[in-house]
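Visitor: PDB, C-alpha atoms, pLDDT in the B column, file model11.pdb:
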```pdb
ATOM      1  CA  MET A  15     -37.473 194.482 291.114  1.00 47.00           C
ATOM      2  CA  LYS A  16     -39.293 193.748 294.332  1.00 44.00           C
ATOM      3  CA  ASN A  17     -42.224 191.911 292.702  1.00 45.00           C
ATOM      4  CA  ASN A  18     -41.961 190.367 289.253  1.00 62.00           C
ATOM      5  CA  ASN A  19     -45.694 189.958 288.764  1.00 83.00           C
ATOM      6  CA  LEU A  20     -47.450 192.570 286.673  1.00 91.00           C
ATOM      7  CA  SER A  21     -51.212 192.865 286.442  1.00 90.00           C
ATOM      8  CA  GLU A  22     -52.887 193.227 283.052  1.00 91.00           C
ATOM      9  CA  THR A  23     -53.266 196.965 283.629  1.00 92.00           C
ATOM     10  CA  GLU A  24     -49.614 197.290 284.670  1.00 94.00           C
ATOM     11  CA  TRP A  25     -48.538 195.510 281.466  1.00 95.00           C
ATOM     12  CA  SER A  26     -50.651 197.987 279.512  1.00 95.00           C
ATOM     13  CA  ILE A  27     -49.025 200.953 281.282  1.00 96.00           C
ATOM     14  CA  MET A  28     -45.530 199.485 280.866  1.00 96.00           C
ATOM     15  CA  LYS A  29     -46.075 198.981 277.115  1.00 96.00           C
ATOM     16  CA  ILE A  30     -46.764 202.704 276.821  1.00 97.00           C
ATOM     17  CA  CYS A  31     -43.704 203.562 278.922  1.00 97.00           C
ATOM     18  CA  TRP A  32     -41.446 201.279 276.848  1.00 97.00           C
ATOM     19  CA  GLU A  33     -42.807 202.820 273.644  1.00 96.00           C
ATOM     20  CA  LYS A  34     -42.360 206.403 274.854  1.00 96.00           C
ATOM     21  CA  GLY A  35     -39.104 205.862 276.721  1.00 95.00           C
ATOM     22  CA  GLU A  36     -39.874 208.817 278.961  1.00 95.00           C
ATOM     23  CA  ALA A  37     -43.299 210.245 279.691  1.00 96.00           C
ATOM     24  CA  THR A  38     -45.349 212.273 282.119  1.00 95.00           C
ATOM     25  CA  ALA A  39     -48.364 210.761 283.845  1.00 95.00           C
ATOM     26  CA  ARG A  40     -50.583 212.842 281.551  1.00 95.00           C
ATOM     27  CA  THR A  41     -48.918 211.414 278.438  1.00 96.00           C
ATOM     28  CA  VAL A  42     -49.324 207.850 279.714  1.00 96.00           C
ATOM     29  CA  TYR A  43     -52.928 208.590 280.655  1.00 96.00           C
ATOM     30  CA  ASP A  44     -53.739 210.028 277.217  1.00 95.00           C
ATOM     31  CA  GLU A  45     -52.155 207.017 275.477  1.00 95.00           C
ATOM     32  CA  SER A  46     -53.951 204.569 277.751  1.00 94.00           C
ATOM     33  CA  LEU A  47     -57.335 206.016 276.726  1.00 93.00           C
ATOM     34  CA  LYS A  48     -56.790 204.582 273.241  1.00 93.00           C
ATOM     35  CA  GLU A  49     -57.080 201.122 274.786  1.00 90.00           C
ATOM     36  CA  LYS A  50     -59.509 201.586 277.667  1.00 92.00           C
ATOM     37  CA  LYS A  51     -61.281 204.373 279.506  1.00 94.00           C
ATOM     38  CA  ARG A  52     -59.556 205.005 282.837  1.00 91.00           C
ATOM     39  CA  GLU A  53     -59.441 207.807 285.337  1.00 94.00           C
ATOM     40  CA  TYR A  54     -56.269 209.911 285.440  1.00 94.00           C
ATOM     41  CA  GLN A  55     -55.768 209.062 289.126  1.00 95.00           C
ATOM     42  CA  THR A  56     -55.892 205.336 288.300  1.00 93.00           C
ATOM     43  CA  VAL A  57     -53.035 205.733 285.816  1.00 95.00           C
ATOM     44  CA  LYS A  58     -51.081 207.843 288.310  1.00 95.00           C
ATOM     45  CA  THR A  59     -51.561 205.163 290.978  1.00 95.00           C
ATOM     46  CA  MET A  60     -50.406 202.459 288.546  1.00 95.00           C
ATOM     47  CA  LEU A  61     -47.303 204.483 287.684  1.00 97.00           C
ATOM     48  CA  ASP A  62     -46.479 204.896 291.374  1.00 95.00           C
ATOM     49  CA  ARG A  63     -46.932 201.148 291.936  1.00 95.00           C
ATOM     50  CA  LEU A  64     -44.605 200.418 289.027  1.00 96.00           C
ATOM     51  CA  VAL A  65     -42.026 202.744 290.598  1.00 96.00           C
ATOM     52  CA  ASN A  66     -42.379 200.851 293.886  1.00 94.00           C
ATOM     53  CA  LYS A  67     -42.032 197.510 292.082  1.00 94.00           C
ATOM     54  CA  GLY A  68     -38.842 198.756 290.408  1.00 94.00           C
ATOM     55  CA  TYR A  69     -40.067 198.777 286.804  1.00 96.00           C
ATOM     56  CA  LEU A  70     -40.082 202.576 286.494  1.00 97.00           C
ATOM     57  CA  ARG A  71     -38.157 205.485 287.944  1.00 97.00           C
ATOM     58  CA  ARG A  72     -39.482 208.970 288.224  1.00 95.00           C
ATOM     59  CA  LYS A  73     -37.841 212.347 288.394  1.00 95.00           C
ATOM     60  CA  ARG A  74     -39.257 215.773 288.959  1.00 93.00           C
ATOM     61  CA  PHE A  75     -39.225 218.138 286.035  1.00 89.00           C
ATOM     62  CA  GLY A  76     -40.636 221.405 287.341  1.00 91.00           C
ATOM     63  CA  PRO A  77     -44.172 220.675 288.530  1.00 91.00           C
ATOM     64  CA  LEU A  78     -44.297 217.340 286.673  1.00 92.00           C
ATOM     65  CA  TRP A  79     -43.088 213.836 287.357  1.00 93.00           C
ATOM     66  CA  VAL A  80     -41.413 212.154 284.393  1.00 96.00           C
ATOM     67  CA  TYR A  81     -41.375 208.364 284.296  1.00 97.00           C
ATOM     68  CA  ASN A  82     -39.024 206.055 282.432  1.00 96.00           C
ATOM     69  CA  PRO A  83     -38.521 202.278 282.451  1.00 97.00           C
ATOM     70  CA  THR A  84     -35.713 200.784 284.525  1.00 96.00           C
ATOM     71  CA  VAL A  85     -36.152 197.297 283.061  1.00 94.00           C
ATOM     72  CA  SER A  86     -36.297 196.445 279.364  1.00 94.00           C
ATOM     73  CA  ARG A  87     -39.391 194.955 277.807  1.00 95.00           C
ATOM     74  CA  ALA A  88     -37.360 191.901 276.756  1.00 94.00           C
ATOM     75  CA  LYS A  89     -36.144 191.240 280.311  1.00 93.00           C
ATOM     76  CA  THR A  90     -39.613 191.731 281.780  1.00 92.00           C
ATOM     77  CA  LEU A  91     -41.121 189.399 279.205  1.00 92.00           C
ATOM     78  CA  ALA A  92     -38.416 186.782 279.826  1.00 90.00           C
ATOM     79  CA  ASN A  93     -39.079 186.956 283.591  1.00 89.00           C
ATOM     80  CA  ALA A  94     -42.836 186.581 283.055  1.00 90.00           C
ATOM     81  CA  ILE A  95     -42.329 183.578 280.770  1.00 89.00           C
ATOM     82  CA  ASP A  96     -39.874 181.995 283.208  1.00 89.00           C
ATOM     83  CA  ASN A  97     -42.349 182.498 286.063  1.00 88.00           C
ATOM     84  CA  PHE A  98     -45.166 180.953 284.019  1.00 88.00           C
ATOM     85  CA  ILE A  99     -43.041 177.955 283.058  1.00 89.00           C
ATOM     86  CA  ASN A 100     -41.900 177.542 286.650  1.00 89.00           C
ATOM     87  CA  ILE A 101     -45.247 177.971 288.400  1.00 89.00           C
ATOM     88  CA  VAL A 102     -47.828 176.734 285.898  1.00 89.00           C
ATOM     89  CA  LEU A 103     -45.902 174.210 283.810  1.00 87.00           C
ATOM     90  CA  ASP A 104     -43.643 172.786 286.534  1.00 87.00           C
ATOM     91  CA  ASN A 105     -40.538 173.641 284.472  1.00 86.00           C
ATOM     92  CA  THR A 106     -41.527 171.672 281.395  1.00 85.00           C
ATOM     93  CA  LEU A 107     -42.114 173.208 277.985  1.00 83.00           C
ATOM     94  CA  THR A 108     -43.845 170.316 276.244  1.00 84.00           C
ATOM     95  CA  PRO A 109     -47.404 171.428 277.162  1.00 85.00           C
ATOM     96  CA  LEU A 110     -46.677 174.930 275.881  1.00 82.00           C
ATOM     97  CA  PHE A 111     -45.356 173.784 272.501  1.00 80.00           C
ATOM     98  CA  THR A 112     -48.127 171.215 272.175  1.00 83.00           C
ATOM     99  CA  HIS A 113     -50.717 173.929 272.784  1.00 83.00           C
ATOM    100  CA  PHE A 114     -49.266 176.260 270.156  1.00 77.00           C
ATOM    101  CA  ILE A 115     -48.882 173.548 267.554  1.00 78.00           C
ATOM    102  CA  LYS A 116     -52.475 172.367 268.040  1.00 82.00           C
ATOM    103  CA  LYS A 117     -54.014 175.830 268.312  1.00 75.00           C
ATOM    104  CA  GLU A 118     -52.029 177.877 265.828  1.00 71.00           C
ATOM    105  CA  LYS A 119     -51.001 177.289 262.261  1.00 77.00           C
ATOM    106  CA  LEU A 120     -47.244 177.776 262.398  1.00 80.00           C
ATOM    107  CA  SER A 121     -45.592 179.356 259.389  1.00 84.00           C
ATOM    108  CA  THR A 122     -42.693 177.653 257.649  1.00 86.00           C
ATOM    109  CA  GLU A 123     -40.383 180.309 259.112  1.00 90.00           C
ATOM    110  CA  GLU A 124     -41.622 179.670 262.652  1.00 84.00           C
ATOM    111  CA  ILE A 125     -41.185 175.910 262.262  1.00 84.00           C
ATOM    112  CA  GLU A 126     -37.665 176.398 260.898  1.00 89.00           C
ATOM    113  CA  ALA A 127     -36.791 178.737 263.778  1.00 88.00           C
ATOM    114  CA  LEU A 128     -38.033 176.178 266.322  1.00 83.00           C
ATOM    115  CA  GLU A 129     -36.113 173.376 264.589  1.00 87.00           C
ATOM    116  CA  LYS A 130     -32.966 175.520 264.673  1.00 89.00           C
ATOM    117  CA  LEU A 131     -33.416 176.145 268.403  1.00 85.00           C
ATOM    118  CA  ILE A 132     -33.907 172.429 269.022  1.00 85.00           C
ATOM    119  CA  ARG A 133     -30.746 171.571 267.055  1.00 88.00           C
ATOM    120  CA  LYS A 134     -28.751 174.167 269.014  1.00 85.00           C
ATOM    121  CA  SER A 135     -30.168 172.885 272.277  1.00 83.00           C
ATOM    122  CA  LYS A 136     -29.187 169.313 271.415  1.00 85.00           C
ATOM    123  CA  LYS A 137     -25.648 170.503 270.677  1.00 83.00           C
ATOM    124  CA  GLY A 138     -25.553 172.297 274.031  1.00 78.00           C
ATOM    125  CA  GLU A 139     -25.324 175.728 272.416  1.00 68.00           C
ATOM    126  CA  LEU A 140     -28.273 177.140 274.351  1.00 62.00           C
ATOM    127  CA  ILE A 141     -28.226 177.835 278.071  1.00 54.00           C
ATOM    128  CA  SER A 142     -31.560 177.438 279.804  1.00 51.00           C
ATOM    129  CA  SER A 143     -32.805 180.638 281.420  1.00 45.00           C
ATOM    130  CA  THR A 144     -34.882 178.678 283.933  1.00 40.00           C
ATOM    131  CA  LYS A 145     -31.978 176.879 285.615  1.00 39.00           C
TER     132      LYS A 145
END
```
Could you spell out this file's structure in structure tokens?
Guide:
Amino acid sequence: MKNNNLSETEWSIMKICWEKGEATARTVYDESLKEKKREYQTVKTMLDRLVNKGYLRRKRFGPLWVYNPTVSRAKTLANAIDNFINIVLDNTLTPLFTHFIKKEKLSTEEIEALEKLIRKSKKGELISSTK
């Protein structure tokens, strides 16, 4: 990927592409209208930008262009989180966890999952993705 940063609109378009797996610009456009009114040409431009950024590939199918993701949603999300931690949080997670604990009521399952991750991290079983 040339540029890891996705705009809000690009995230919206990518979510549709990940869900569909393979779609024409018209299909993506029609799906995007469920969220927000956009012009067809705007969606087409966003798809072309995502191709240029390396998130999508396109192939000609008769008169149509068919788009499909080149990067998984999980990898894209991990990159976005890593970038946020790196740029905004100066590579420290404490402010993030503090925010979620104060703002959100964590379920017992979520707390247990976090405790499990902390135990694994202390044992050296987890490898940091930001290193």
Visitor: Please identify all polymer residues within 10 Å of Gly35 in chain A, counting all atoms listed in the file, omitting same-chain residues fewer than 2 positions from it, and present them as a list in words.
Guide: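 Once the adjacent positions are removed, what remains is Met28, Lys29, Ile30, Cys31, Trp32, Glu33, Ala37, Tyr81, Asn82, Pro83 and Thr84 of chain A.
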Visitor: Would you work out the distance separating CA of Val85 in chain A from CA of Leu47 in chain A, expressed in Å to one decimal?
Guide: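 Computing the Euclidean distance for CA of Val85 in chain A and CA of Leu47 in chain A yields 23.8 Å.
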Visitor: Between A:Glu118, A:Glu53, A:Trp79, A:Asn19, which residue has the minimum interatomic distance to Asp96 in chain A, considering only C-alpha atoms?
Guide: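 Residue with the minimum atom-to-atom distance to Asp96 in chain A: A:Asn19.
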Visitor: With all atoms listed in the file as the basis for distance, which of A:Thr38, A:Ser26, A:Ser121, A:Ser21 is at the shortest distance from Val80 in chain A?
Guide: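 Residue with the minimum atom-to-atom distance to Val80 in chain A: A:Thr38.
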Visitor: Exactly which residues make up the result of the PyMOL selection byres ((chain A and resi 63-67) around 9) on this file, given as a list in words?
Guide: Met15, Lys16, Asn17, Asn18, Leu20, Glu24, Ile27, Met28, Lys58, Thr59, Met60, Leu61, Asp62, Gly68, Tyr69, Leu70, Arg71, Arg72, Tyr81, Pro83 and Thr84 of chain A
Visitor: Using CA of Arg74 in chain A and CA of Ser46 in chain A as the two end points, give the distance in Å to one decimal.
Guide: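 Separation of CA of Arg74 in chain A and CA of Ser46 in chain A: 21.6 Å.
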Visitor: Around all listed atoms of range 60-71 of chain A, padded 6 Å per side, what centre and edge lengths does the axis-aligned box have in Å to one decimal, as JSON?
Guide:
```
{"center_x": -44.3, "center_y": 201.5, "center_z": 290.2, "size_x": 24.2, "size_y": 20.0, "size_z": 19.4}
```
Visitor: If we count all atoms listed in the file, what is near Leu128 in chain A at a cut-off of 12 Å, once residues fewer than 6 positions away on the same chain are taken out, given as an NGL selection string?
Guide: :A and (111 or 114-115 or 120-122 or 134-135)
Visitor: Just write the chosen residues, C-alpha atoms, as a compact mmCIF listing (two decimals), in the frame of the given file.
Guide:
```txt
# COMPACT_ATOMS: atom_id res chain seq x y z
CA PHE A 111 -45.36 173.78 272.50
CA PHE A 114 -49.27 176.26 270.16
CA ILE A 115 -48.88 173.55 267.55
CA LEU A 120 -47.24 177.78 262.40
CA SER A 121 -45.59 179.36 259.39
CA THR A 122 -42.69 177.65 257.65
CA LYS A 134 -28.75 174.17 269.01
CA SER A 135 -30.17 172.88 272.28
```
Visitor: In Å, with one decimal, what is the gap from CA of Arg40 in chain A to CA of Tyr54 in chain A?
Guide: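 These two atoms are separated by 7.5 Å.
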